[in-house]
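Below is one structure, written out as structure tokens, with a few remarks after it.
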Amino acid sequence: MTMNTLVLDQVTKTLQGHTVLDHVSLSLESGKIYGLVGRNGSGKTMLIRSISGMVRPTSGAIRWNGKQLYREIDYIPRLGLLIENIGLYPEFTGFQNLKLLAGIQKRITDADIREAIVRVGLDPDDNRPIRKYSLGMKQKITLAQTFMEKPELLMLDEPTNALDEASVARIRDDIKAAAAQGAIVLLASHNKEDISCLCDVVYFMEEGKLSVMQ
């Protein structure tokens with residue numbers, strides 16, 4: 001099992017004079033699930049976007065295994081990301097969408113993609129385009145792409161949103177399994193049960209500031 005570390009040192013992000021992230025520091029390690037809670041607008045999603053390489057911080061450093069993001073590396077390599085409004089091609093099927101994404105790094109086969117789709121409770125042979133999916137089906141196909149390449153860093157923003165009870169149980173099992181296999185998991189959720197049953201450490205975010213919940 002590869003041991004990885006993710007370290008944030010005084011990460012700050014300002015937008016139009018407003019501080020969205022305020023000197024955030026934390027250290028995350030392989031095999032653990034970290035919870036991130038706070039009201040909408042507290043900075044949770046901005047923190048995830050900054051770590052993912054989507055939004056460059058104004059100051060501070062993000063380091064993956066000692067290498068600084070945005071300076072020494074452009075992005076974290078084996079990253080699984082679930083955030084709101086993640087890009088999917090509405091005119092393509094679920095399988096076609098995942099195959100396009102898998103083609104970027106070429107880590108997995110068609111069989112792996114099909115397995116990931118089945119795992120979330122969808123049919124890889126469903127010929128309907130994504131635009132005809134229900135909200136729950138869209139969440140499931142996005143979860144399939146998040147997990148399919150067995151990421152070493154898994155960041156999930158409201159992963160159980162719009163899912164039925166059986167799917168929630170399955171996704172929680174997948175999150176636990178990913179951590180058991182050595183992934184670092186960062187989970188943002190308003191679902192108290194997600195946080196209480198999954199997380200080893202919970203962080204609270206308010207007005208861009210981060211603190212550990214006791």
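So you can find residues: chains in the structure tokens are A, B, ... in the order shown, residues in each start at 1, and ligands are numbered from 1 in order.
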
Among stretch 63-198 of chain A, which ones does DSSP place in alpha helix (DSSP H), written as an NGL selection string? :A and (94-105 or 110-119 or 135-147 or 165-180 or 192-198)

Determine the nearest neighbour of A:Leu36 from the options A:Val120, A:Ile48, A:Glu207, A:Thr93, counting only C-alpha atoms. A:Ile48

For A:Ser167, which residue out of A:Gly208, A:Gly182, A:Gly17, A:Gly121 is the nearest one, using only C-alpha atoms? A:Gly121

Please identify which residues in stretch 2-205 of chain A DSSP calls strand (DSSP E) from the backbone, and express them as a PyMOL selection string. chain A and resi 5-15+18-29+33-37+59-64+67-68+79-82+153-157+184-188+201-205

I'd like the contact shell of A:Arg170 - 9 Å cut-off, only C-alpha atoms, skipping same-chain residues fewer than 4 positions apart - returned as a PDB file with all heavy atoms, in the first residue's frame.
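Generated file (around-v3.pdb):
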ATOM      1  N   ARG A 119     -21.401  -1.272 -10.344  1.00  0.00           N
ATOM      2  CA  ARG A 119     -21.202  -1.124  -8.905  1.00  0.00           C
ATOM      3  C   ARG A 119     -22.126  -0.071  -8.298  1.00  0.00           C
ATOM      4  O   ARG A 119     -22.601  -0.226  -7.168  1.00  0.00           O
ATOM      5  CB  ARG A 119     -19.740  -0.768  -8.621  1.00  0.00           C
ATOM      6  CG  ARG A 119     -19.389  -0.501  -7.171  1.00  0.00           C
ATOM      7  CD  ARG A 119     -19.430  -1.741  -6.332  1.00  0.00           C
ATOM      8  NE  ARG A 119     -19.301  -1.426  -4.906  1.00  0.00           N
ATOM      9  CZ  ARG A 119     -19.542  -2.292  -3.934  1.00  0.00           C
ATOM     10  NH1 ARG A 119     -19.894  -3.525  -4.218  1.00  0.00           N
ATOM     11  NH2 ARG A 119     -19.415  -1.937  -2.665  1.00  0.00           N
ATOM     12  N   VAL A 120     -22.403   0.993  -9.046  1.00  0.00           N
ATOM     13  CA  VAL A 120     -23.280   2.052  -8.513  1.00  0.00           C
ATOM     14  C   VAL A 120     -24.755   1.787  -8.818  1.00  0.00           C
ATOM     15  O   VAL A 120     -25.612   2.614  -8.504  1.00  0.00           O
ATOM     16  CB  VAL A 120     -22.874   3.452  -9.028  1.00  0.00           C
ATOM     17  CG1 VAL A 120     -21.478   3.824  -8.556  1.00  0.00           C
ATOM     18  CG2 VAL A 120     -22.977   3.534 -10.555  1.00  0.00           C
ATOM     19  N   GLU A 165     -31.775   4.622  -0.353  1.00  0.00           N
ATOM     20  CA  GLU A 165     -31.141   4.056   0.845  1.00  0.00           C
ATOM     21  C   GLU A 165     -30.114   2.973   0.504  1.00  0.00           C
ATOM     22  O   GLU A 165     -29.016   2.949   1.073  1.00  0.00           O
ATOM     23  CB  GLU A 165     -32.219   3.473   1.762  1.00  0.00           C
ATOM     24  CG  GLU A 165     -31.720   3.089   3.144  1.00  0.00           C
ATOM     25  CD  GLU A 165     -32.859   2.683   4.072  1.00  0.00           C
ATOM     26  OE1 GLU A 165     -33.992   3.150   3.874  1.00  0.00           O
ATOM     27  OE2 GLU A 165     -32.587   1.891   4.992  1.00  0.00           O
ATOM     28  N   ALA A 166     -30.446   2.100  -0.443  1.00  0.00           N
ATOM     29  CA  ALA A 166     -29.520   1.025  -0.808  1.00  0.00           C
ATOM     30  C   ALA A 166     -28.255   1.586  -1.447  1.00  0.00           C
ATOM     31  O   ALA A 166     -27.141   1.114  -1.175  1.00  0.00           O
ATOM     32  CB  ALA A 166     -30.197   0.047  -1.761  1.00  0.00           C
ATOM     33  N   ASP A 174     -18.078   1.720  -0.332  1.00  0.00           N
ATOM     34  CA  ASP A 174     -17.007   2.024  -1.281  1.00  0.00           C
ATOM     35  C   ASP A 174     -16.017   3.034  -0.699  1.00  0.00           C
ATOM     36  O   ASP A 174     -14.807   2.938  -0.930  1.00  0.00           O
ATOM     37  CB  ASP A 174     -17.594   2.574  -2.587  1.00  0.00           C
ATOM     38  CG  ASP A 174     -18.264   1.498  -3.426  1.00  0.00           C
ATOM     39  OD1 ASP A 174     -18.050   0.301  -3.142  1.00  0.00           O
ATOM     40  OD2 ASP A 174     -19.018   1.853  -4.354  1.00  0.00           O
ATOM     41  N   ILE A 175     -16.524   4.007   0.036  1.00  0.00           N
ATOM     42  CA  ILE A 175     -15.651   5.005   0.669  1.00  0.00           C
ATOM     43  C   ILE A 175     -14.762   4.329   1.714  1.00  0.00           C
ATOM     44  O   ILE A 175     -13.538   4.571   1.762  1.00  0.00           O
ATOM     45  CB  ILE A 175     -16.492   6.129   1.306  1.00  0.00           C
ATOM     46  CG1 ILE A 175     -17.195   6.956   0.213  1.00  0.00           C
ATOM     47  CG2 ILE A 175     -15.620   7.036   2.175  1.00  0.00           C
ATOM     48  CD1 ILE A 175     -18.229   7.932   0.735  1.00  0.00           C
TER      49      ILE A 175
END
